[in-house]
>>> print(open('model.cif').read())   # mmCIF, C-alpha atoms
data_upload
#
loop_
_atom_site.label_atom_id
_atom_site.label_comp_id
_atom_site.auth_asym_id
_atom_site.auth_seq_id
_atom_site.Cartn_x
_atom_site.Cartn_y
_atom_site.Cartn_z
CA MET A 22 -8.09 -8.81 7.25
CA GLN A 23 -8.75 -10.78 4.09
CA ASN A 24 -7.10 -9.59 0.90
CA PRO A 25 -9.71 -7.54 -1.01
CA LEU A 26 -8.11 -8.50 -4.32
CA ALA A 27 -9.02 -12.13 -3.71
CA HIS A 28 -12.73 -11.26 -3.96
CA ALA A 29 -12.67 -9.65 -7.39
CA PRO A 30 -13.88 -11.95 -10.19
CA GLU A 31 -12.31 -9.71 -12.83
CA LEU A 32 -10.01 -6.73 -13.10
CA PRO A 33 -11.76 -3.35 -13.17
CA GLU A 34 -10.63 -2.46 -16.69
CA GLU A 35 -12.16 -5.66 -18.11
CA ASN A 36 -15.66 -4.89 -16.91
CA PRO A 37 -18.03 -4.64 -19.91
CA HIS A 38 -20.51 -2.29 -18.19
CA TYR A 39 -17.86 0.32 -17.48
CA LEU A 40 -16.26 -0.17 -20.90
CA ARG A 41 -19.65 0.35 -22.53
CA ALA A 42 -20.09 3.59 -20.62
CA VAL A 43 -16.66 4.81 -21.74
CA THR A 44 -17.18 4.02 -25.42
CA GLN A 45 -20.70 5.49 -25.38
CA MET A 46 -19.31 8.70 -23.87
CA GLY A 47 -16.92 8.78 -26.83
CA GLU A 48 -19.90 9.19 -29.13
CA ARG A 49 -20.67 12.59 -27.55
CA ARG A 50 -17.36 13.79 -26.15
CA GLU A 51 -13.80 13.52 -27.37
CA VAL A 52 -12.16 10.54 -25.64
CA THR A 53 -8.56 10.07 -26.71
CA ALA A 54 -5.85 7.49 -26.06
CA ASN A 55 -3.01 9.33 -24.30
CA GLN A 56 -0.62 6.45 -25.08
CA ASP A 57 -0.47 3.32 -27.23
CA ILE A 58 -2.89 0.71 -25.84
CA PHE A 59 -1.51 -2.83 -25.56
CA THR A 60 -2.95 -6.13 -24.48
CA LEU A 61 -1.41 -7.95 -21.54
CA SER A 62 0.43 -10.16 -24.07
CA GLY A 63 1.96 -7.14 -25.85
CA ILE A 64 -0.34 -6.79 -28.87
CA LYS A 65 -0.96 -3.16 -29.83
CA LEU A 66 -4.69 -2.48 -30.08
CA LEU A 67 -4.76 1.29 -30.57
CA VAL A 68 -2.14 3.94 -31.20
CA LYS A 69 -1.71 7.11 -29.20
CA ASP A 70 -4.21 9.88 -30.05
CA SER A 71 -6.82 7.40 -31.32
CA LYS A 72 -10.38 8.64 -30.78
CA ILE A 73 -12.41 6.15 -28.74
CA ALA A 74 -16.08 5.56 -29.60
CA GLY A 75 -18.76 2.88 -29.60
CA GLU A 76 -17.10 0.99 -32.45
CA HIS A 77 -14.15 0.14 -30.17
CA PHE A 78 -16.20 -1.67 -27.53
CA ASP A 79 -15.82 -5.18 -28.97
CA LEU A 80 -12.09 -4.72 -29.59
CA LEU A 81 -11.35 -3.54 -26.05
CA ASN A 82 -13.75 -6.00 -24.45
CA ARG A 83 -12.02 -9.01 -26.03
CA HIS A 84 -8.63 -8.38 -24.43
CA LYS A 85 -6.99 -7.85 -21.08
CA LEU A 86 -5.15 -4.56 -21.18
CA SER A 87 -1.61 -3.98 -19.94
CA VAL A 88 -2.64 -0.65 -18.39
CA SER A 89 -5.91 0.35 -16.76
CA LEU A 90 -8.34 1.98 -19.17
CA ASP A 91 -8.60 5.04 -16.90
CA GLN A 92 -4.87 5.59 -17.14
CA CYS A 93 -4.56 5.41 -20.90
CA LEU A 94 -7.58 7.54 -21.89
CA SER A 95 -8.16 11.28 -21.57
CA VAL A 96 -11.09 13.64 -21.99
CA PRO A 97 -10.98 17.45 -22.24
CA HIS A 98 -12.35 19.38 -19.26
CA ALA A 99 -12.43 16.34 -17.02
CA VAL A 100 -14.12 16.58 -13.63
CA ASP A 101 -11.65 18.07 -11.14
CA GLY A 102 -11.97 19.65 -7.71
CA GLU A 103 -13.22 22.94 -9.14
CA GLN A 104 -15.98 21.20 -11.08
CA LEU A 105 -16.96 19.21 -8.00
CA ALA A 106 -17.27 22.50 -6.12
CA LEU A 107 -19.52 23.86 -8.86
CA GLU A 108 -21.73 20.78 -8.59
CA VAL A 109 -21.98 21.33 -4.83
CA GLY A 110 -23.11 24.90 -5.51
CA LYS A 111 -25.81 23.68 -7.92
CA ILE A 112 -27.20 21.17 -5.44
CA LEU A 113 -27.21 23.62 -2.54
CA SER A 114 -28.91 26.28 -4.67
CA GLN A 115 -31.73 23.85 -5.44
CA ASP A 116 -32.01 21.99 -2.12
CA LEU A 117 -32.90 24.48 0.62
CA PHE A 118 -32.73 21.82 3.35
CA MET A 119 -29.15 20.86 2.53
CA ALA A 120 -28.16 24.51 2.12
CA ARG A 121 -29.47 25.33 5.60
CA MET A 122 -27.67 22.32 7.00
CA ALA A 123 -24.43 23.40 5.32
CA ALA A 124 -24.92 26.88 6.80
CA ARG A 125 -24.98 25.31 10.26
CA ALA A 126 -21.66 23.63 9.56
CA GLY A 127 -19.59 26.61 8.49
CA GLY A 128 -21.42 27.82 5.41
CA VAL A 129 -21.91 26.93 1.76
CA LEU A 130 -18.58 28.46 0.72
CA MET A 131 -16.64 26.24 3.12
CA CYS A 132 -18.51 23.20 1.80
CA ARG A 133 -17.53 24.08 -1.77
CA GLN A 134 -13.93 24.73 -0.79
CA ALA A 135 -13.68 21.28 0.81
CA LEU A 136 -14.05 19.74 -2.65
CA ALA A 137 -12.37 22.50 -4.67
CA GLN A 138 -9.07 21.90 -2.89
CA LEU A 139 -8.97 18.18 -3.72
CA VAL A 140 -6.07 17.21 -5.97
CA LEU A 141 -7.47 14.37 -8.07
CA PRO A 142 -5.23 12.06 -10.13
CA ALA A 143 -5.98 12.10 -13.86
CA ALA A 144 -7.39 8.57 -13.77
CA ILE A 145 -9.87 9.55 -11.05
CA GLN A 146 -10.85 12.67 -13.00
CA PHE A 147 -11.52 10.53 -16.05
CA ARG A 148 -13.69 8.07 -14.16
CA LEU A 149 -15.68 10.84 -12.50
CA THR A 150 -16.28 12.33 -15.94
CA VAL A 151 -17.63 9.01 -17.19
CA MET A 152 -19.86 8.85 -14.11
CA LYS A 153 -21.17 12.36 -14.66
CA GLU A 154 -21.89 11.77 -18.36
CA GLN A 155 -23.20 8.21 -18.25
CA ARG A 156 -24.52 7.73 -14.70
CA PRO A 157 -25.71 11.23 -13.67
CA ASN A 158 -27.85 9.96 -10.78
CA LEU A 159 -24.87 8.15 -9.29
CA PHE A 160 -22.71 11.24 -9.79
CA GLU A 161 -25.23 13.44 -7.97
CA HIS A 162 -25.38 10.87 -5.17
CA VAL A 163 -21.61 10.96 -4.55
CA ILE A 164 -21.71 14.78 -4.49
CA ARG A 165 -24.54 14.70 -1.94
CA VAL A 166 -22.71 12.13 0.17
CA SER A 167 -19.65 14.39 0.04
CA ILE A 168 -21.73 17.29 1.35
CA TRP A 169 -23.07 15.14 4.19
CA ALA A 170 -19.56 13.88 4.99
CA HIS A 171 -18.25 17.46 5.09
CA VAL A 172 -20.93 18.75 7.48
CA LEU A 173 -20.48 15.71 9.74
CA ALA A 174 -16.72 16.34 9.78
CA GLN A 175 -17.38 19.96 10.70
CA GLN A 176 -19.86 19.08 13.41
CA THR A 177 -17.57 16.49 15.02
CA LYS A 178 -14.47 18.66 14.59
CA LEU A 179 -12.62 16.00 12.60
CA PRO A 180 -8.92 17.00 12.54
CA GLU A 181 -7.91 18.86 9.39
CA ILE A 182 -5.32 16.23 8.46
CA TYR A 183 -8.15 13.77 7.79
CA ARG A 184 -10.55 16.10 5.96
CA ASP A 185 -9.09 15.69 2.45
CA GLN A 186 -8.91 11.91 2.92
CA LEU A 187 -12.58 11.83 3.88
CA MET A 188 -13.64 14.02 0.95
CA LEU A 189 -11.61 11.91 -1.48
CA ALA A 190 -13.18 8.71 -0.14
CA ALA A 191 -16.69 10.21 -0.30
CA VAL A 192 -16.25 11.28 -3.92
CA CYS A 193 -14.89 7.86 -4.96
CA HIS A 194 -16.85 5.52 -2.66
CA ASP A 195 -19.29 4.24 -5.30
CA MET A 196 -16.99 4.01 -8.33
CA GLY A 197 -17.47 0.24 -8.22
CA GLU A 198 -21.15 0.66 -9.03
CA MET A 199 -20.14 1.63 -12.55
CA HIS A 200 -19.16 -2.02 -12.98
CA THR A 201 -22.69 -3.13 -12.12
CA ASP A 202 -25.30 -3.74 -14.79
CA PRO A 203 -27.41 -0.53 -14.74
CA GLU A 204 -30.53 -2.65 -15.19
CA LEU A 205 -30.10 -4.03 -11.66
CA LEU A 206 -30.46 -0.53 -10.24
CA THR A 207 -33.55 0.55 -12.17
CA SER A 208 -36.70 1.29 -10.20
CA GLY A 209 -39.00 -1.70 -9.93
CA HIS A 210 -36.36 -4.32 -10.72
CA CYS A 211 -36.66 -7.31 -8.38
CA VAL A 212 -33.09 -8.19 -7.41
CA THR A 213 -32.28 -11.91 -7.29
CA LEU A 214 -29.89 -13.52 -4.82
CA ILE A 215 -27.11 -13.77 -7.43
CA GLU A 216 -27.67 -10.17 -8.55
CA ARG A 217 -27.50 -9.01 -4.93
CA CYS A 218 -24.06 -10.61 -4.68
CA TYR A 219 -22.89 -8.38 -7.54
CA LEU A 220 -24.32 -5.32 -5.79
CA HIS A 221 -22.64 -6.23 -2.51
CA VAL A 222 -19.20 -6.55 -4.11
CA HIS A 223 -19.10 -2.91 -5.25
CA PRO A 224 -17.06 -1.67 -2.22
CA ILE A 225 -14.33 -4.15 -3.21
CA THR A 226 -14.52 -3.06 -6.85
CA SER A 227 -14.29 0.59 -5.80
CA TYR A 228 -11.26 -0.27 -3.67
CA LEU A 229 -9.63 -2.08 -6.59
CA VAL A 230 -10.22 0.85 -8.92
CA VAL A 231 -8.60 3.45 -6.66
CA SER A 232 -5.80 1.14 -5.50
CA LYS A 233 -4.54 0.89 -9.08
CA VAL A 234 -4.12 4.67 -9.24
CA ASP A 235 -0.61 5.90 -8.41
CA ASP A 236 -0.38 7.96 -5.21
CA PHE A 237 -4.02 7.41 -4.24
CA SER A 238 -4.38 7.68 -0.46
CA GLY A 239 -4.31 4.33 1.31
CA MET A 240 -6.43 5.78 4.09
CA ALA A 241 -9.12 6.90 1.65
CA ALA A 242 -8.99 3.49 -0.09
CA GLN A 243 -9.65 1.69 3.21
CA ALA A 244 -12.54 4.03 3.99
CA ILE A 245 -14.01 3.21 0.57
CA LEU A 246 -13.60 -0.53 1.15
CA HIS A 247 -15.43 -0.39 4.49
CA HIS A 248 -18.23 2.09 3.76
CA HIS A 249 -20.93 -0.61 3.87
CA GLU A 250 -19.61 -2.31 7.00
CA ARG A 251 -21.61 -1.74 10.19
CA LEU A 252 -20.51 -1.61 13.82
CA ASP A 253 -22.69 -4.59 14.79
CA GLY A 254 -21.17 -6.78 12.06
CA SER A 255 -24.29 -6.76 9.86
CA GLY A 256 -22.66 -4.98 6.91
CA TYR A 257 -20.72 -6.16 3.87
CA PRO A 258 -18.51 -7.24 2.16
CA TYR A 259 -16.63 -8.72 5.17
CA GLY A 260 -19.08 -8.42 8.07
CA LEU A 261 -16.51 -6.46 10.09
CA SER A 262 -17.47 -4.91 13.41
CA LYS A 263 -16.41 -2.15 15.79
CA GLU A 264 -12.73 -1.20 15.74
CA ARG A 265 -12.00 -3.37 12.70
CA ILE A 266 -13.84 -0.82 10.56
CA HIS A 267 -11.87 2.20 9.36
CA PRO A 268 -13.07 5.31 11.26
CA LEU A 269 -13.45 7.49 8.15
CA SER A 270 -15.71 4.90 6.55
CA GLN A 271 -18.21 5.45 9.36
CA TYR A 272 -18.65 9.04 8.18
CA ILE A 273 -19.43 7.80 4.69
CA ALA A 274 -21.79 5.15 6.07
CA VAL A 275 -23.90 7.76 7.87
CA ALA A 276 -23.69 10.20 4.95
CA ASP A 277 -24.62 7.51 2.41
CA THR A 278 -27.59 6.33 4.50
CA ALA A 279 -28.83 9.87 5.17
CA ASP A 280 -28.80 10.74 1.47
CA ALA A 281 -30.54 7.50 0.49
CA ILE A 282 -33.34 8.07 3.02
CA LEU A 283 -33.96 11.75 2.28
CA ARG A 284 -33.99 11.19 -1.47
CA ARG A 285 -36.95 8.82 -0.99
CA PHE A 286 -38.59 9.69 2.30
CA ASP A 287 -38.77 12.51 4.85
CA LEU A 288 -36.98 13.86 7.90
CA LEU A 289 -39.09 11.81 10.30
CA ARG A 290 -38.00 8.62 8.54
CA LEU A 291 -34.37 9.74 8.79
CA GLN A 292 -34.63 10.34 12.53
CA ILE A 293 -36.47 7.09 13.20
CA SER A 294 -34.10 5.10 11.01
CA PHE A 295 -31.02 6.15 12.95
CA ALA A 296 -32.84 5.73 16.26
CA LEU A 297 -33.74 2.13 15.41
CA ASN A 298 -30.34 1.36 13.88
CA LYS A 299 -28.15 3.00 16.51
CA THR A 300 -26.11 -0.17 17.06
CA ARG A 301 -25.02 -0.11 13.42
CA PHE A 302 -23.55 3.40 13.30
CA ASP A 303 -21.11 5.53 15.29
CA ALA A 304 -23.05 7.17 18.14
CA ARG A 305 -21.01 10.37 17.81
CA LEU A 306 -22.01 10.74 14.19
CA ILE A 307 -25.69 10.00 14.86
CA LYS A 308 -25.64 12.71 17.54
CA ALA A 309 -23.94 15.13 15.15
CA LEU A 310 -26.49 14.39 12.44
CA GLY A 311 -29.32 14.99 14.90
CA GLU A 312 -27.85 18.37 15.83
CA LEU A 313 -27.49 19.35 12.18
CA VAL A 314 -31.08 18.55 11.15
CA HIS A 315 -32.79 19.56 14.41
CA GLU A 316 -35.77 21.84 13.68
CA LEU A 317 -34.73 22.36 10.07
CA PRO A 318 -37.80 22.64 7.78
CA PHE A 319 -38.11 19.84 5.26
CA ASP A 320 -40.40 20.34 2.26
CA SER A 321 -41.45 16.74 1.72
CA GLN A 322 -43.80 14.92 4.07
CA LEU A 323 -45.09 11.40 3.61
CA ALA A 324 -48.82 10.99 3.48
CA CYS A 325 -50.26 9.25 6.50
CA LYS A 326 -51.67 5.95 5.26
CA GLY A 327 -52.77 3.70 8.05
CA ASP A 328 -54.38 1.00 5.91
CA GLY A 329 -51.35 -1.30 5.98
CA ALA A 330 -50.47 -0.84 9.66
CA SER A 331 -52.61 -3.72 10.87
CA LEU A 332 -51.08 -6.16 8.38
CA GLN A 333 -47.56 -5.00 9.21
CA LEU A 334 -48.15 -5.37 12.94
CA HIS A 335 -49.55 -8.88 12.50
CA HIS A 336 -46.56 -9.88 10.36
CA ILE A 337 -44.12 -8.73 13.04
CA ALA A 338 -46.08 -10.59 15.71
CA ASP A 339 -46.06 -13.77 13.58
CA LEU A 340 -42.34 -13.38 12.95
CA LEU A 341 -41.54 -13.19 16.67
CA GLU A 342 -43.74 -16.20 17.39
CA GLY A 343 -42.07 -18.21 14.61
CA TRP A 344 -38.63 -17.25 15.87
CA LEU A 345 -39.32 -18.86 19.25
CA ALA A 346 -39.72 -22.24 17.56
CA LEU A 347 -36.71 -21.75 15.28
CA HIS A 348 -34.60 -20.57 18.22
CA ALA A 349 -35.30 -23.82 20.04
CA MET A 350 -34.39 -25.83 16.92
CA LEU A 351 -31.15 -23.95 16.28
CA SER A 352 -30.06 -24.08 19.90
CA VAL A 353 -29.59 -27.84 19.67
CA GLN A 354 -27.18 -27.30 16.77
CA VAL A 355 -24.62 -25.65 19.03
CA ARG A 356 -23.15 -26.31 22.44
CA ALA A 357 -25.44 -25.14 25.23
CA GLY A 358 -24.68 -21.55 26.17
CA ALA A 359 -22.44 -20.94 23.15
CA GLU A 360 -25.01 -19.52 20.71
CA GLN A 361 -23.35 -16.11 20.41
CA ASN A 362 -19.95 -17.62 19.53
CA SER A 363 -21.21 -20.13 16.96
CA SER A 364 -21.51 -19.65 13.21
CA ILE A 365 -25.17 -18.77 13.73
CA GLY A 366 -24.45 -16.43 16.64
CA PHE A 367 -25.18 -13.43 14.44
CA LEU A 368 -28.75 -14.69 13.94
CA PHE A 369 -29.43 -14.93 17.68
CA GLU A 370 -28.00 -11.44 18.06
CA ARG A 371 -30.05 -9.96 15.20
CA MET A 372 -33.34 -11.49 16.36
CA ASP A 373 -32.68 -10.34 19.93
CA GLY A 374 -32.20 -6.91 18.39
CA VAL A 375 -35.57 -7.13 16.61
CA HIS A 376 -37.24 -8.07 19.88
CA SER A 377 -35.60 -5.09 21.58
CA LEU A 378 -36.73 -2.76 18.79
CA VAL A 379 -40.29 -4.01 19.13
CA LEU A 380 -40.22 -3.23 22.85
CA GLN A 381 -38.55 0.12 22.14
CA MET A 382 -41.40 1.18 19.84
CA GLY A 383 -43.94 0.20 22.50
CA PHE A 384 -45.38 -2.67 20.47
CA ASN A 385 -47.27 -5.35 22.37
CA PRO A 386 -47.75 -8.35 20.04
CA ASP A 387 -50.67 -9.50 22.21
CA ASP A 388 -52.55 -6.19 21.87
CA ILE A 389 -52.28 -5.09 18.24
CA HIS A 390 -55.79 -3.64 18.20
CA GLY A 391 -55.10 -1.48 21.25
CA MET A 392 -51.97 -0.03 19.69
CA GLN A 393 -53.83 0.87 16.50
CA THR A 394 -56.72 2.42 18.41
CA VAL A 395 -54.42 4.73 20.34
CA ALA A 396 -52.55 5.75 17.18
CA GLN A 397 -55.74 6.49 15.23
CA LYS A 398 -56.76 9.10 17.78
CA ASP A 399 -53.64 11.16 17.07
CA PRO A 400 -52.63 11.85 13.42
CA SER A 401 -49.02 12.64 14.40
CA LEU A 402 -48.78 9.38 16.35
CA GLN A 403 -50.31 7.53 13.42
CA LEU A 404 -47.66 8.98 11.09
CA GLU A 405 -44.90 8.05 13.51
CA LEU A 406 -46.22 4.49 13.86
CA GLN A 407 -46.42 4.09 10.10
CA THR A 408 -42.88 5.42 9.67
CA ILE A 409 -41.53 3.10 12.35
CA LEU A 410 -43.22 0.11 10.71
CA HIS A 411 -41.75 0.99 7.30
CA GLU A 412 -38.30 1.23 8.86
CA MET A 413 -38.85 -2.12 10.61
CA GLU A 414 -39.63 -3.61 7.20
CA TRP A 415 -36.31 -2.36 5.87
CA ILE A 416 -34.44 -3.74 8.91
CA LEU A 417 -36.03 -7.16 8.49
CA ASN A 418 -35.26 -7.22 4.76
CA GLU A 419 -31.62 -6.36 5.50
CA MET A 420 -31.55 -9.23 7.98
CA ALA A 421 -32.79 -11.58 5.26
CA ASN A 422 -29.97 -10.34 2.99
CA GLU A 423 -27.42 -10.95 5.73
CA ILE A 424 -28.65 -14.51 6.30
CA GLU A 425 -28.27 -15.21 2.57
CA ARG A 426 -24.77 -13.67 2.53
CA ARG A 427 -23.63 -15.74 5.50
CA SER A 428 -25.43 -19.01 4.69
CA PRO A 429 -22.44 -20.62 2.87
CA LEU A 430 -20.44 -20.21 6.11
CA LEU A 431 -22.95 -22.03 8.32
CA ASP A 432 -21.22 -25.40 8.29
CA GLY A 433 -23.24 -28.40 9.42
CA ILE A 434 -26.57 -26.59 9.47
CA PRO A 435 -29.08 -27.51 6.73
CA GLN A 436 -29.74 -24.49 4.53
CA ASN A 437 -33.48 -25.15 4.33
CA ILE A 438 -33.79 -24.38 8.04
CA PHE A 439 -33.41 -20.70 7.18
CA ASP A 440 -35.64 -20.62 4.09
CA ASP A 441 -38.90 -20.05 5.96
CA LEU A 442 -37.31 -17.35 8.14
CA VAL A 443 -35.94 -15.48 5.12
CA GLN A 444 -39.30 -15.67 3.41
CA GLN A 445 -41.10 -14.43 6.51
CA LEU A 446 -38.65 -11.57 6.96
CA ARG A 447 -39.38 -10.42 3.41
CA GLU A 448 -43.12 -10.90 3.70
CA THR A 449 -43.30 -7.78 5.86
CA LEU A 450 -42.37 -5.61 2.89
CA THR A 451 -45.29 -3.60 1.54
CA PRO A 452 -45.82 -3.34 -2.23
#
>>> encode(input="model.cif", output="structure tokens")
Amino acid sequence: MQNPLAHAPELPEENPHYLRAVTQMGERREVTANQDIFTLSGIKLLVKDSKIAGEHFDLLNRHKLSVSLDQCLSVPHAVDGEQLALEVGKILSQDLFMARMAARAGGVLMCRQALAQLVLPAAIQFRLTVMKEQRPNLFEHVIRVSIWAHVLAQQTKLPEIYRDQLMLAAVCHDMGEMHTDPELLTSGHCVTLIERCYLHVHPITSYLVVSKVDDFSGMAAQAILHHHERLDGSGYPYGLSKERIHPLSQYIAVADTADAILRRFDLLRLQISFALNKTRFDARLIKALGELVHELPFDSQLACKGDGASLQLHHIADLLEGWLALHAMLSVQVRAGAEQNSSIGFLFERMDGVHSLVLQMGFNPDDIHGMQTVAQKDPSLQLELQTILHEMEWILNEMANEIERRSPLLDGIPQNIFDDLVQQLRETLTP
């Protein structure tokens, strides 16, 4: 495997976005230097017991530090295992769906205990405190992912020796996002290609952060590094597949995806998403998730809006027709019969997957009107069709992202060949 450190443009403690969060927290809570703070060249910047606040941002941002910022700063009542357990209790008291799911997997108390028993290094406690104070939505997300990871571990009977490692990885998996400009994550922001690269590096940044902490579990660190990898090789940052992905990271992948979907959509979307993406995730975990949510009531339900279905169906039909021509063009770029093993093999595989999904959902590109007519006669079928089409949009957009990530590696193939395909993949997205 490639060395994760080679992919980091800067050390975690030098990141201005995280440093800004730390110094801003110092305006509201007491943040203290627990030791003298030196630059890498030996210059003393701050003495022990100095109070850190917004005024120190420029000073700390100008220098490389000899010790990680997380290791030389302290905050009273930092987030520890007990506080994580309290946060779990708050979420489960407010989210009846998750509480019922937890009850199926041993009960709410067991879920809380899974986090309460974590022994967190001081540096991790400090960073979690910054996350809770400055990025509360991100903090709630990692707690929810931890709940999902716990119930999946219970349902699959994950051996006890791995439980703490999984919980630790789940709690810390998105620490790298604190090094991302918060503006990139705001609702409505249109992410550019360069900005997407910064977002896709966060598993490496998270890995770097925890790897610098003494006695942090190597197993948990690897699970953090791989939590956005997918079994079919379509994930990031390395595009690993199958057995090259750490097993615990697959729990976080399913947990992370489940939380992201249910925070925005409904249970039907969750079920359809995993059905259409079954090659990307561990089949055991998808089965376990299905057992956990089966027949559980879910308060939210998407409105059935069929107005965009016709346009979506036509876009998918046009995409498949355009792919036939591009397939013929790309095939001449590689040795006959060797498409799957070439640098563009992933593209053949992904588009074959799209074709299979279209057949799986019963979509006949030559009879779009007939499919709509049947769906309109049954409101539940109409809702299912609309949900499937929305999930197809997401799959196609992810494919466009993957093409852009891999394009620098496609030696000898003109980049403009893929431009129209990427644009067409993204055209299917509804406003």
>>> resolve_selection(input="model.cif", expression="the PyMOL selection byres ((chain A and resi 298) around 12)", output="JSON, numbers by chain")
{"A": [251, 252, 253, 255, 275, 278, 290, 291, 292, 293, 294, 295, 296, 297, 299, 300, 301, 302, 303, 304, 307, 371, 374, 375, 377, 378, 381, 409, 412, 413, 415, 416, 417, 419]}
>>> resolve_selection(input="model.cif", expression="the PyMOL selection byres ((chain A and resi 306) around 10)", output="list in words")
Leu173, Ala174, Gln176, Thr177, Gln271, Tyr272, Ala274, Val275, Ala276, Phe302, Asp303, Ala304, Arg305, Ile307, Lys308, Ala309, Leu310, Gly311 and Glu312 of chain A
>>> residues_around(input="model.cif", residues="A:Ala126", least_positions_apart="4", cutoff="9 Å", atoms="all atoms listed in the file", output="number ranges by chain")
A: 121-122, 131-132, 171-176, 313
>>> resolve_selection(input="model.cif", expression="the PyMOL selection byres ((chain A and resi 75-77) around 10)", output="list in words")
Leu40, Arg41, Ala42, Val43, Thr44, Gln45, Met46, Gly47, Glu48, Leu66, Leu67, Lys72, Ile73, Ala74, Phe78, Asp79, Leu80, Leu81 and Asn82 of chain A
>>> closest_residue(input="model.cif", among="A:Ile273, A:Met188, A:Val166, A:Ala279", to="A:Gln138", atoms="all atoms listed in the file")
A:Met188
>>> closest_residue(input="model.cif", among="A:Cys218, A:Met350, A:Met240, A:Ala281", to="A:Val163", atoms="only C-alpha atoms")
A:Ala281
>>> closest_residue(input="model.cif", among="A:Phe286, A:Tyr39, A:Phe367, A:Tyr183", to="A:Met199", atoms="all atoms listed in the file")
A:Tyr39
>>> closest_residue(input="model.cif", among="A:Val96, A:Leu380, A:Ile168, A:Leu105", to="A:Asp280", atoms="only C-alpha atoms")
A:Ile168
>>> closest_residue(input="model.cif", among="A:Ser167, A:Thr213, A:Gln92, A:Gln115", to="A:Cys193", atoms="all atoms listed in the file")
A:Ser167
>>> closest_residue(input="model.cif", among="A:Ile337, A:Leu90, A:Leu289, A:Leu345", to="A:His315", atoms="all atoms listed in the file")
A:Leu289
>>> residues_around(input="model.cif", residues="stretch 200-204 of chain A", least_positions_apart="6", cutoff="9 Å", atoms="only C-alpha atoms", output="compact mmCIF listing (two decimals) with C-alpha atoms, keeping the file's coordinate frame")
# COMPACT_ATOMS: atom_id res chain seq x y z
CA PRO A 33 -11.76 -3.35 -13.17
CA ASN A 36 -15.66 -4.89 -16.91
CA PRO A 37 -18.03 -4.64 -19.91
CA HIS A 38 -20.51 -2.29 -18.19
CA TYR A 39 -17.86 0.32 -17.48
CA LEU A 40 -16.26 -0.17 -20.90
CA ARG A 156 -24.52 7.73 -14.70
CA HIS A 210 -36.36 -4.32 -10.72
CA TYR A 219 -22.89 -8.38 -7.54
CA LEU A 220 -24.32 -5.32 -5.79
CA HIS A 223 -19.10 -2.91 -5.25
CA THR A 226 -14.52 -3.06 -6.85
>>> atom_distance(input="model.cif", atom1="atom CA of A:Gln146", atom2="atom CA of A:Ser89")
13.8 Å
>>> atom_distance(input="model.cif", atom1="atom CA of A:Trp169", atom2="atom CA of A:Val192")
11.3 Å
>>> atom_distance(input="model.cif", atom1="atom CA of A:Ala106", atom2="atom CA of A:Ser227")
22.1 Å
>>> axis_aligned_box(input="model.cif", around="stretch 346-352 of chain A", padding_each_side="6 Å", output="AutoDock Vina command-line options")
--center_x -34.9 --center_y -23.2 --center_z 17.7 --size_x 21.7 --size_y 17.3 --size_z 16.8
>>> residues_around(input="model.cif", residues="stretch 438-448 of chain A", least_positions_apart="4", cutoff="8 Å", atoms="all atoms listed in the file", output="PyMOL selection string")
chain A and resi 336+340+344+414+417-418+420-421+424+434
>>> residues_around(input="model.cif", residues="A:Thr150", least_positions_apart="4", cutoff="8 Å", atoms="all atoms listed in the file", output="JSON, numbers by chain")
{"A": [99, 100, 146, 154]}
>>> residues_around(input="model.cif", residues="A:Lys111", least_positions_apart="6", cutoff="12 Å", atoms="all atoms listed in the file", output="JSON, numbers by chain")
{"A": [104, 105, 117, 119, 120, 129, 133, 161, 164, 165, 168]}
